[in-house]
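Data block for my_file.pdb (PDB, C-alpha atoms):
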ATOM      1  CA  MET X   1      41.036 -13.576  10.945
ATOM      2  CA  PRO X   2      37.626 -12.047  11.706
ATOM      3  CA  TYR X   3      35.446 -10.785   8.882
ATOM      4  CA  GLU X   4      36.642  -7.299   9.882
ATOM      5  CA  ASP X   5      39.760  -8.030   7.814
ATOM      6  CA  ALA X   6      42.626  -6.383   9.649
ATOM      7  CA  GLN X   7      44.303  -5.687   6.325
ATOM      8  CA  SER X   8      41.454  -3.751   4.777
ATOM      9  CA  GLY X   9      40.003  -1.112   7.077
ATOM     10  CA  GLY X  10      37.602   1.354   5.453
ATOM     11  CA  LEU X  11      34.031   0.440   4.615
ATOM     12  CA  LEU X  12      33.014  -3.208   4.709
ATOM     13  CA  HIS X  13      30.118  -4.223   2.494
ATOM     14  CA  GLY X  14      27.643  -7.032   3.004
ATOM     15  CA  THR X  15      28.377  -8.245  -0.531
ATOM     16  CA  GLY X  16      30.172 -11.575  -0.223
ATOM     17  CA  LEU X  17      29.416 -11.790   3.506
ATOM     18  CA  PHE X  18      25.769 -12.783   3.268
ATOM     19  CA  PRO X  19      24.225 -15.875   1.665
ATOM     20  CA  ALA X  20      22.468 -15.123  -1.597
ATOM     21  CA  ARG X  21      18.943 -15.793  -0.336
ATOM     22  CA  VAL X  22      19.061 -14.359   3.181
ATOM     23  CA  PRO X  23      21.240 -11.335   4.043
ATOM     24  CA  VAL X  24      22.120 -12.601   7.540
ATOM     25  CA  HIS X  25      25.542 -13.739   8.748
ATOM     26  CA  THR X  26      26.772 -15.063  12.083
ATOM     27  CA  GLY X  27      30.337 -15.774  13.100
ATOM     28  CA  ARG X  28      32.632 -16.547  16.012
ATOM     29  CA  HIS X  29      36.016 -14.797  16.167
ATOM     30  CA  ARG X  30      38.945 -14.806  18.570
ATOM     31  CA  LEU X  31      40.757 -11.475  18.534
ATOM     32  CA  THR X  32      44.312 -10.894  19.673
ATOM     33  CA  GLY X  33      46.016  -7.518  19.521
ATOM     34  CA  ASP X  34      44.210  -4.849  17.498
ATOM     35  CA  VAL X  35      41.567  -4.802  14.771
ATOM     36  CA  PRO X  36      41.945  -1.477  12.906
ATOM     37  CA  GLY X  37      39.045   0.951  12.740
ATOM     38  CA  HIS X  38      36.477   0.334  10.022
ATOM     39  CA  SER X  39      32.806   0.819   9.253
ATOM     40  CA  HIS X  40      30.235  -1.193   7.333
ATOM     41  CA  ASP X  41      26.975  -0.794   5.463
ATOM     42  CA  PHE X  42      25.058  -3.406   7.480
ATOM     43  CA  LEU X  43      23.919  -3.723  11.099
ATOM     44  CA  GLU X  44      26.069  -5.692  13.513
ATOM     45  CA  ILE X  45      25.386  -7.062  16.982
ATOM     46  CA  ALA X  46      28.440  -8.457  18.775
ATOM     47  CA  LEU X  47      28.333 -10.492  22.000
ATOM     48  CA  ILE X  48      31.534 -10.876  24.009
ATOM     49  CA  VAL X  49      31.987 -14.490  25.152
ATOM     50  CA  SER X  50      35.331 -14.321  26.940
ATOM     51  CA  GLY X  51      38.641 -12.490  27.124
ATOM     52  CA  ARG X  52      39.470  -8.815  27.397
ATOM     53  CA  GLY X  53      39.915  -5.821  25.119
ATOM     54  CA  ARG X  54      38.738  -2.327  24.360
ATOM     55  CA  HIS X  55      36.162  -1.194  21.835
ATOM     56  CA  LEU X  56      36.877   2.127  20.135
ATOM     57  CA  THR X  57      34.321   4.418  18.488
ATOM     58  CA  ALA X  58      34.136   8.090  17.627
ATOM     59  CA  ALA X  59      32.637   8.566  21.109
ATOM     60  CA  GLY X  60      35.709   7.099  22.834
ATOM     61  CA  GLY X  61      36.887   3.758  24.216
ATOM     62  CA  ARG X  62      35.108   1.168  26.355
ATOM     63  CA  PRO X  63      36.599  -1.894  28.109
ATOM     64  CA  LEU X  64      35.092  -5.220  27.107
ATOM     65  CA  ALA X  65      34.501  -8.424  29.052
ATOM     66  CA  ALA X  66      32.204 -11.445  28.923
ATOM     67  CA  GLY X  67      28.544 -10.445  28.744
ATOM     68  CA  ASP X  68      29.079  -7.171  26.897
ATOM     69  CA  VAL X  69      26.946  -6.425  23.856
ATOM     70  CA  ILE X  70      27.738  -3.980  21.048
ATOM     71  CA  VAL X  71      25.003  -2.853  18.650
ATOM     72  CA  LEU X  72      26.225  -0.925  15.599
ATOM     73  CA  ARG X  73      24.088   0.859  13.063
ATOM     74  CA  PRO X  74      25.395   1.046   9.478
ATOM     75  CA  GLY X  75      28.104   3.674   9.133
ATOM     76  CA  PRO X  76      29.748   4.198  12.561
ATOM     77  CA  TRP X  77      33.521   3.833  12.741
ATOM     78  CA  HIS X  78      34.753   1.282  15.297
ATOM     79  CA  GLY X  79      37.675  -0.994  16.104
ATOM     80  CA  TYR X  80      39.198  -3.206  18.806
ATOM     81  CA  VAL X  81      42.499  -2.710  20.654
ATOM     82  CA  ASP X  82      44.509  -4.464  23.354
ATOM     83  CA  CYS X  83      42.618  -7.710  22.822
ATOM     84  CA  THR X  84      43.680 -10.722  24.879
ATOM     85  CA  GLY X  85      41.784 -13.840  23.841
ATOM     86  CA  LEU X  86      38.721 -11.720  23.120
ATOM     87  CA  THR X  87      36.100 -14.101  21.759
ATOM     88  CA  VAL X  88      33.278 -12.372  19.899
ATOM     89  CA  VAL X  89      30.123 -13.914  18.467
ATOM     90  CA  ASN X  90      28.408 -11.575  16.048
ATOM     91  CA  CYS X  91      25.269 -11.308  13.994
ATOM     92  CA  CYS X  92      25.292  -9.126  10.891
ATOM     93  CA  PHE X  93      22.273  -8.399   8.738
ATOM     94  CA  ALA X  94      21.394  -6.066   5.921
ATOM     95  CA  ALA X  95      19.499  -2.904   6.785
ATOM     96  CA  GLU X  96      17.098  -3.741   3.963
ATOM     97  CA  LEU X  97      15.573  -6.463   6.153
ATOM     98  CA  LEU X  98      14.287  -3.773   8.493
ATOM     99  CA  ARG X  99      12.690  -1.983   5.553
ATOM    100  CA  ALA X 100      11.038  -5.076   4.108
ATOM    101  CA  ASP X 101      10.691  -8.521   5.743
ATOM    102  CA  LEU X 102      11.074  -7.222   9.305
ATOM    103  CA  ALA X 103       9.460  -3.815   8.858
ATOM    104  CA  TRP X 104       6.861  -4.713  11.481
ATOM    105  CA  ILE X 105       9.589  -4.908  14.114
ATOM    106  CA  ARG X 106       9.764  -1.106  14.195
ATOM    107  CA  THR X 107       6.540  -1.099  16.165
ATOM    108  CA  GLU X 108       8.005  -3.188  19.015
ATOM    109  CA  PRO X 109       9.250  -0.577  21.553
ATOM    110  CA  ALA X 110      12.048  -2.665  23.078
ATOM    111  CA  VAL X 111      13.478  -3.774  19.725
ATOM    112  CA  ASN X 112      13.038  -0.269  18.361
ATOM    113  CA  HIS X 113      15.215   1.060  21.185
ATOM    114  CA  LEU X 114      17.797  -1.702  20.679
ATOM    115  CA  LEU X 115      18.252  -1.040  16.958
ATOM    116  CA  TRP X 116      17.343   2.642  16.614
ATOM    117  CA  GLY X 117      16.911   4.580  19.845
ATOM    118  CA  GLY X 118      19.964   3.315  21.742
ATOM    119  CA  PRO X 119      22.492   3.839  18.924
ATOM    120  CA  SER X 120      20.970   7.256  18.194
ATOM    121  CA  ALA X 121      21.145   8.613  21.739
ATOM    122  CA  PRO X 122      23.197  11.814  22.174
ATOM    123  CA  GLY X 123      26.905  11.036  22.292
ATOM    124  CA  SER X 124      26.475   7.415  21.182
ATOM    125  CA  ALA X 125      28.069   7.908  17.718
ATOM    126  CA  GLY X 126      25.786   5.210  16.303
ATOM    127  CA  VAL X 127      26.785   2.536  18.836
ATOM    128  CA  PHE X 128      24.745   1.066  21.709
ATOM    129  CA  GLY X 129      26.687  -0.872  24.343
ATOM    130  CA  PHE X 130      25.452  -2.657  27.457
ATOM    131  CA  ARG X 131      26.100  -5.799  29.546
ATOM    132  CA  LEU X 132      23.910  -8.880  29.925
ATOM    133  CA  ASP X 133      23.604 -10.859  33.128
ATOM    134  CA  ALA X 134      24.680 -14.505  33.005
ATOM    135  CA  GLU X 135      21.180 -15.879  32.347
ATOM    136  CA  HIS X 136      20.412 -13.573  29.435
ATOM    137  CA  HIS X 137      23.919 -13.966  28.048
ATOM    138  CA  THR X 138      23.520 -17.745  27.908
ATOM    139  CA  ARG X 139      20.064 -17.420  26.371
ATOM    140  CA  CYS X 140      21.164 -15.004  23.648
ATOM    141  CA  LEU X 141      24.226 -17.084  22.754
ATOM    142  CA  SER X 142      21.995 -20.138  22.414
ATOM    143  CA  LEU X 143      19.631 -18.281  20.092
ATOM    144  CA  LEU X 144      22.579 -17.073  18.030
ATOM    145  CA  GLY X 145      23.669 -20.689  17.698
ATOM    146  CA  GLU X 146      20.247 -21.626  16.342
ATOM    147  CA  LEU X 147      20.381 -18.690  13.933
ATOM    148  CA  ALA X 148      23.860 -19.704  12.772
ATOM    149  CA  ALA X 149      22.647 -23.240  12.061
ATOM    150  CA  ALA X 150      19.652 -21.955  10.089
ATOM    151  CA  ALA X 151      21.736 -19.469   8.086
ATOM    152  CA  GLY X 152      24.714 -21.793   7.539
ATOM    153  CA  HIS X 153      26.380 -21.996   4.150
ATOM    154  CA  ASP X 154      26.747 -25.791   4.182
ATOM    155  CA  GLY X 155      23.107 -26.667   3.654
ATOM    156  CA  PRO X 156      19.849 -25.338   2.227
ATOM    157  CA  VAL X 157      18.849 -21.938   3.578
ATOM    158  CA  HIS X 158      15.165 -21.485   4.412
ATOM    159  CA  ARG X 159      14.381 -17.780   4.477
ATOM    160  CA  ILE X 160      11.416 -17.942   6.809
ATOM    161  CA  GLY X 161      13.375 -20.024   9.331
ATOM    162  CA  VAL X 162      16.320 -17.616   9.324
ATOM    163  CA  LEU X 163      14.176 -14.509   9.657
ATOM    164  CA  GLY X 164      12.068 -16.109  12.381
ATOM    165  CA  ARG X 165      15.146 -16.992  14.427
ATOM    166  CA  LEU X 166      16.594 -13.525  13.873
ATOM    167  CA  ALA X 167      13.391 -11.962  15.181
ATOM    168  CA  VAL X 168      13.424 -14.225  18.270
ATOM    169  CA  PHE X 169      17.072 -13.340  18.959
ATOM    170  CA  LEU X 170      16.396  -9.611  18.631
ATOM    171  CA  ASP X 171      13.382  -9.901  20.921
ATOM    172  CA  ALA X 172      15.363 -11.745  23.612
ATOM    173  CA  LEU X 173      18.267  -9.305  23.412
ATOM    174  CA  ALA X 174      15.977  -6.283  23.486
ATOM    175  CA  ALA X 175      14.160  -7.599  26.541
ATOM    176  CA  ALA X 176      17.463  -7.669  28.436
ATOM    177  CA  ALA X 177      18.803  -4.315  27.214
ATOM    178  CA  PRO X 178      18.474  -1.007  29.090
ATOM    179  CA  GLN X 179      15.262   0.624  27.999
ATOM    180  CA  ALA X 180      14.302   4.179  27.202
ATOM    181  CA  PRO X 181      11.193   5.648  28.858
ATOM    182  CA  ALA X 182       8.139   4.137  27.226
ATOM    183  CA  PRO X 183       6.546   6.461  24.656
ATOM    184  CA  THR X 184       2.973   7.553  25.121
ATOM    185  CA  VAL X 185       0.839   5.526  22.718
ATOM    186  CA  THR X 186      -2.528   6.967  21.809
ATOM    187  CA  ALA X 187      -5.692   4.895  21.739
ATOM    188  CA  ASP X 188      -5.779   4.762  17.931
ATOM    189  CA  ALA X 189      -2.090   3.846  17.570
ATOM    190  CA  PRO X 190      -2.585   0.180  16.562
ATOM    191  CA  SER X 191      -4.493   1.197  13.421
ATOM    192  CA  ALA X 192      -1.673   3.551  12.479
ATOM    193  CA  HIS X 193       0.979   0.917  11.849
ATOM    194  CA  PRO X 194       0.512   0.943   8.060
ATOM    195  CA  LEU X 195       0.606   4.747   8.127
ATOM    196  CA  VAL X 196       3.884   4.815  10.030
ATOM    197  CA  LEU X 197       5.497   2.184   7.839
ATOM    198  CA  GLY X 198       4.300   4.025   4.754
ATOM    199  CA  ALA X 199       5.955   7.196   6.019
ATOM    200  CA  VAL X 200       9.212   5.323   6.641
ATOM    201  CA  ARG X 201       9.158   3.888   3.123
ATOM    202  CA  LEU X 202       8.589   7.317   1.601
ATOM    203  CA  LEU X 203      11.466   8.899   3.519
ATOM    204  CA  GLU X 204      13.923   6.097   2.806
ATOM    205  CA  SER X 205      13.022   5.839  -0.872
ATOM    206  CA  ASP X 206      14.116   9.429  -1.581
ATOM    207  CA  LEU X 207      16.453  10.814   1.064
ATOM    208  CA  ALA X 208      17.436  13.778  -1.107
ATOM    209  CA  GLN X 209      13.857  15.013  -1.309
ATOM    210  CA  ALA X 210      13.227  18.306   0.501
ATOM    211  CA  TRP X 211      10.972  16.650   3.036
ATOM    212  CA  THR X 212       9.025  18.684   5.582
ATOM    213  CA  PRO X 213       6.431  17.409   8.052
ATOM    214  CA  ALA X 214       3.698  19.048   5.980
ATOM    215  CA  ARG X 215       4.905  17.533   2.713
ATOM    216  CA  LEU X 216       5.190  14.056   4.173
ATOM    217  CA  ALA X 217       1.738  14.270   5.725
ATOM    218  CA  ALA X 218       0.266  15.482   2.430
ATOM    219  CA  GLU X 219       1.757  12.492   0.606
ATOM    220  CA  LEU X 220      -0.027  10.223   3.081
ATOM    221  CA  ALA X 221      -3.253  12.245   3.117
ATOM    222  CA  VAL X 222      -3.253  12.823   6.878
ATOM    223  CA  SER X 223      -2.752  15.813   9.113
ATOM    224  CA  THR X 224       0.759  16.796  10.182
ATOM    225  CA  GLY X 225      -0.110  16.456  13.863
ATOM    226  CA  HIS X 226      -1.660  13.004  13.479
ATOM    227  CA  LEU X 227       1.327  11.694  11.521
ATOM    228  CA  SER X 228       3.804  13.128  14.036
ATOM    229  CA  ARG X 229       1.977  11.540  16.990
ATOM    230  CA  MET X 230       1.709   8.136  15.340
ATOM    231  CA  PHE X 231       5.267   8.141  14.034
ATOM    232  CA  THR X 232       6.779   9.167  17.364
ATOM    233  CA  SER X 233       4.662   6.656  19.274
ATOM    234  CA  HIS X 234       5.851   3.704  17.207
ATOM    235  CA  ILE X 235       9.322   4.685  16.062
ATOM    236  CA  GLY X 236      10.433   6.692  19.088
ATOM    237  CA  LEU X 237      11.496   9.673  16.981
ATOM    238  CA  PRO X 238       9.614  12.360  15.049
ATOM    239  CA  PRO X 239       9.647  11.903  11.256
ATOM    240  CA  MET X 240      12.307  14.552  10.588
ATOM    241  CA  ALA X 241      14.644  13.168  13.273
ATOM    242  CA  TYR X 242      14.288   9.720  11.718
ATOM    243  CA  LEU X 243      15.065  11.205   8.311
ATOM    244  CA  ALA X 244      18.202  12.884   9.665
ATOM    245  CA  ARG X 245      19.489   9.576  10.981
ATOM    246  CA  ALA X 246      18.779   7.790   7.694
ATOM    247  CA  ARG X 247      20.598  10.557   5.806
ATOM    248  CA  ALA X 248      23.619  10.348   8.111
ATOM    249  CA  GLU X 249      23.875   6.569   7.688
ATOM    250  CA  SER X 250      23.615   6.827   3.909
ATOM    251  CA  ALA X 251      26.230   9.600   3.883
ATOM    252  CA  ALA X 252      28.587   7.479   5.993
ATOM    253  CA  ALA X 253      28.394   4.636   3.487
ATOM    254  CA  LEU X 254      29.067   7.003   0.581
ATOM    255  CA  LEU X 255      31.994   8.652   2.337
ATOM    256  CA  ARG X 256      33.693   5.318   2.959
ATOM    257  CA  GLY X 257      32.559   3.430  -0.125
ATOM    258  CA  THR X 258      33.039   6.053  -2.852
ATOM    259  CA  THR X 259      35.393   8.853  -3.832
ATOM    260  CA  GLN X 260      32.609  11.376  -4.351
ATOM    261  CA  PRO X 261      33.472  14.858  -3.050
ATOM    262  CA  VAL X 262      32.118  15.524   0.424
ATOM    263  CA  ALA X 263      29.786  18.242  -0.849
ATOM    264  CA  ARG X 264      28.323  15.873  -3.431
ATOM    265  CA  VAL X 265      27.720  13.249  -0.765
ATOM    266  CA  GLY X 266      25.830  15.783   1.314
ATOM    267  CA  ALA X 267      23.681  16.784  -1.648
ATOM    268  CA  ALA X 268      22.977  13.134  -2.478
ATOM    269  CA  VAL X 269      21.422  12.511   0.920
ATOM    270  CA  GLY X 270      19.461  15.760   1.119
ATOM    271  CA  TRP X 271      21.925  18.130   2.803
ATOM    272  CA  PRO X 272      23.209  20.317  -0.060
ATOM    273  CA  ASP X 273      24.677  23.026   2.199
ATOM    274  CA  PRO X 274      28.194  21.743   3.094
ATOM    275  CA  ASN X 275      28.299  23.530   6.455
ATOM    276  CA  TYR X 276      24.883  22.235   7.460
ATOM    277  CA  PHE X 277      25.839  18.742   6.266
ATOM    278  CA  SER X 278      28.967  18.835   8.404
ATOM    279  CA  ARG X 279      27.044  19.904  11.514
ATOM    280  CA  ARG X 280      24.346  17.265  11.104
ATOM    281  CA  PHE X 281      26.813  14.485  10.337
ATOM    282  CA  ARG X 282      28.930  15.377  13.375
ATOM    283  CA  THR X 283      25.808  15.158  15.548
ATOM    284  CA  HIS X 284      25.438  11.483  14.618
ATOM    285  CA  TYR X 285      29.044  10.280  14.378
ATOM    286  CA  GLY X 286      31.106  12.711  16.429
ATOM    287  CA  LEU X 287      33.291  13.540  13.403
ATOM    288  CA  SER X 288      32.947  15.869  10.446
ATOM    289  CA  PRO X 289      32.399  14.133   7.077
ATOM    290  CA  THR X 290      35.984  14.912   6.076
ATOM    291  CA  ALA X 291      37.434  13.544   9.317
ATOM    292  CA  TYR X 292      35.208  10.459   9.089
ATOM    293  CA  ARG X 293      36.496   9.669   5.602
ATOM    294  CA  ALA X 294      40.088  10.338   6.669
ATOM    295  CA  ALA X 295      39.738   7.934   9.593
ATOM    296  CA  GLY X 296      38.810   5.179   7.148
ATOM    297  CA  ASP X 297      41.741   6.050   4.876
ATOM    298  CA  ASP X 298      44.142   5.951   7.813
ATOM    299  CA  ALA X 299      42.792   2.558   8.884
ATOM    300  CA  GLY X 300      43.504   1.180   5.425
TER
END

Taking this structure as input, can you express it in the form of structure tokens?
Amino acid sequence: MPYEDAQSGGLLHGTGLFPARVPVHTGRHRLTGDVPGHSHDFLEIALIVSGRGRHLTAAGGRPLAAGDVIVLRPGPWHGYVDCTGLTVVNCCFAAELLRADLAWIRTEPAVNHLLWGGPSAPGSAGVFGFRLDAEHHTRCLSLLGELAAAAGHDGPVHRIGVLGRLAVFLDALAAAAPQAPAPTVTADAPSAHPLVLGAVRLLESDLAQAWTPARLAAELAVSTGHLSRMFTSHIGLPPMAYLARARAESAAALLRGTTQPVARVGAAVGWPDPNYFSRRFRTHYGLSPTAYRAAGDDAG
């Protein structure tokens, strides 16, 4: 049985999945039949090794075969159907790693597109899928094997070794993934990394705050234009678009993981108007908040 327990459905939490010291998990699963729709509060990257099946998301279905890669942000609903010997190797890691230990990785354009830009493209519903050629597929599977050995539960876990191998895996996978057009980076961009990361930390630390570009820039003591240019250059999105995505992901976790009323969930993430919340959430996941929660209930 894969970690996506076919009996549970709903929201899957990293609690119990990750080792205590390093919130990274790898696994190898052979799927037959269907795995009901579910979502989770961590990031997942799945590599298809062999077999056949279909991957379902709010954006529709996609046939799977060896070499396919699925990148899922926290929150999107997904499942597998019609699986025949579908062997999946996956890597799951807590989103907090990208806000702390691996925060620097946001400034790498290829990895930024792999983990943020691709899953956030219009119509993607939080999922980025593509196919590797044989050489890159073999390389990425090998790196996942090294990561699995470093993060294994049977021996001592060395945090720096696990995070280093995770970064190498993400870099190799990103290099082989379809890329977005390169953003225009200004001459002073390298010195702006701390500024951009500081802006990200502010937004993520208080999603419910009534953030505006001017307010965020004032908190960081820079001009609105300068912050927008630096943020977009290194993250690939303007600050308010990044905030909208973070709010949607947080709302998705609350909708699946709690029984809070939909309106209260919207207010908790900074969208107190229920109609506006519904429109913004649908933009990211292809479903209204109510339908998204119902899909999880049905899966259970």

Residues matched by the PyMOL selection byres ((chain X and resi 129) around 7), written as a VMD selection string: chain X and resid 69 to 71 127 to 128 130

Could you dump the residues just selected with C-alpha atoms as a PDB file, in the frame of the given file?
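The result, written out as out-v4.pdb:
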ATOM      1  CA  VAL X  69      26.946  -6.425  23.856  1.00  0.00           C
ATOM      2  CA  ILE X  70      27.738  -3.980  21.048  1.00  0.00           C
ATOM      3  CA  VAL X  71      25.003  -2.853  18.650  1.00  0.00           C
ATOM      4  CA  VAL X 127      26.785   2.536  18.836  1.00  0.00           C
ATOM      5  CA  PHE X 128      24.745   1.066  21.709  1.00  0.00           C
ATOM      6  CA  PHE X 130      25.452  -2.657  27.457  1.00  0.00           C
TER       7      PHE X 130
END

Closest of X:Tyr80, X:Ser50, X:Arg62, X:Ala218 to Pro36 in chain X, counting all atoms listed in the file, is X:Tyr80

Select, from X:His137, X:Arg159, X:Arg99, X:Arg106, the residue with the minimum atom-to-atom distance to Thr232 in chain X, counting all atoms listed in the file.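 Closest residue, counting all atoms listed in the file: X:Arg106.
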
With the file shown as input, list the residues that the PyMOL selection byres ((chain X and resi 202-209) around 8) selects, as a ChimeraX atom specification. /X:198-201,210-211,216,243,246-247,267-271

Go ahead and compute the interatomic distance for CA of Glu135 in chain X and CA of Val89 in chain X, in Å to one decimal.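 These two atoms are separated by 16.6 Å.
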
Have a look at X:Asn90, X:Gln260, X:Ser288, X:Ser120 and name the one nearest to Ala244 in chain X; count all atoms listed in the file. X:Ser120

Given the file above and the PyMOL selection byres ((chain X and resi 34) around 9), which residues are selected, and can you give them as a compact mmCIF listing (two decimals) with C-alpha atoms, in the coordinates of the input?
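Okay, this is what ended up in selection10.txt:
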# COMPACT_ATOMS: atom_id res chain seq x y z
CA ALA X 6 42.63 -6.38 9.65
CA LEU X 31 40.76 -11.48 18.53
CA THR X 32 44.31 -10.89 19.67
CA GLY X 33 46.02 -7.52 19.52
CA VAL X 35 41.57 -4.80 14.77
CA PRO X 36 41.94 -1.48 12.91
CA GLY X 53 39.92 -5.82 25.12
CA GLY X 79 37.67 -0.99 16.10
CA TYR X 80 39.20 -3.21 18.81
CA VAL X 81 42.50 -2.71 20.65
CA ASP X 82 44.51 -4.46 23.35
CA CYS X 83 42.62 -7.71 22.82

If you count only C-alpha atoms, which residues fall within 7 Å of Arg73 in chain X, apart from same-chain ones fewer than 3 positions away, as a list in words?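 Near neighbours after the sequence-gap exclusion: Leu43, Glu44, Pro76, Pro119, Gly126 and Val127 of chain X.
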
Hey, which of X:His38, X:Arg215, X:Arg245, X:His25 ends up closest to Phe93 in chain X? Count all atoms listed in the file.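 The answer is X:His25, which sits nearest to Phe93 in chain X.
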
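Taking CA of Ile48 in chain X as the reference point, CA of His29 in chain X is found at 9.8 Å.
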
So the first atom is CA of Gly161 in chain X and the second is CA of Leu147 in chain X; what is the distance between them in Å, to one decimal place? 8.5 Å

Judged by only C-alpha atoms, the minimum distance to Asp171 in chain X among X:Thr258, X:Arg264, X:Pro238, X:Pro109 is found for X:Pro109

List every protein, DNA or RNA residue with an atom no more than 10 Å from (13.7, -6.6, 22.1) in the file's coordinates, counting all atoms listed in the file, and format the result as a PyMOL selection string. chain X and resi 105+108-115+167-177+179

For Trp77 in chain X, the nearest of the candidates X:Arg279, X:Arg256, X:Arg52, X:Arg229, counting only C-alpha atoms: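 The closest residue to Trp77 in chain X is X:Arg256.
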
If we count only C-alpha atoms and set the cut-off at 9 Å, which residues sit around Gly266 in chain X, ignoring sequence neighbours fewer than 3 positions away in its own chain? Please answer as a VMD selection string. chain X and resid 208 247 to 248 251 261 to 263 269 to 274 276 to 278 289

With all atoms of range 228-245 of chain X from the file as input, state the centre and edge lengths in Å to one decimal of the axis-aligned box that has 6 Å extra on each side, as lines of an AutoDock Vina configuration file.
center_x = 10.6
center_y = 9.1
center_z = 13.8
size_x = 29.8
size_y = 22.8
size_z = 23.0
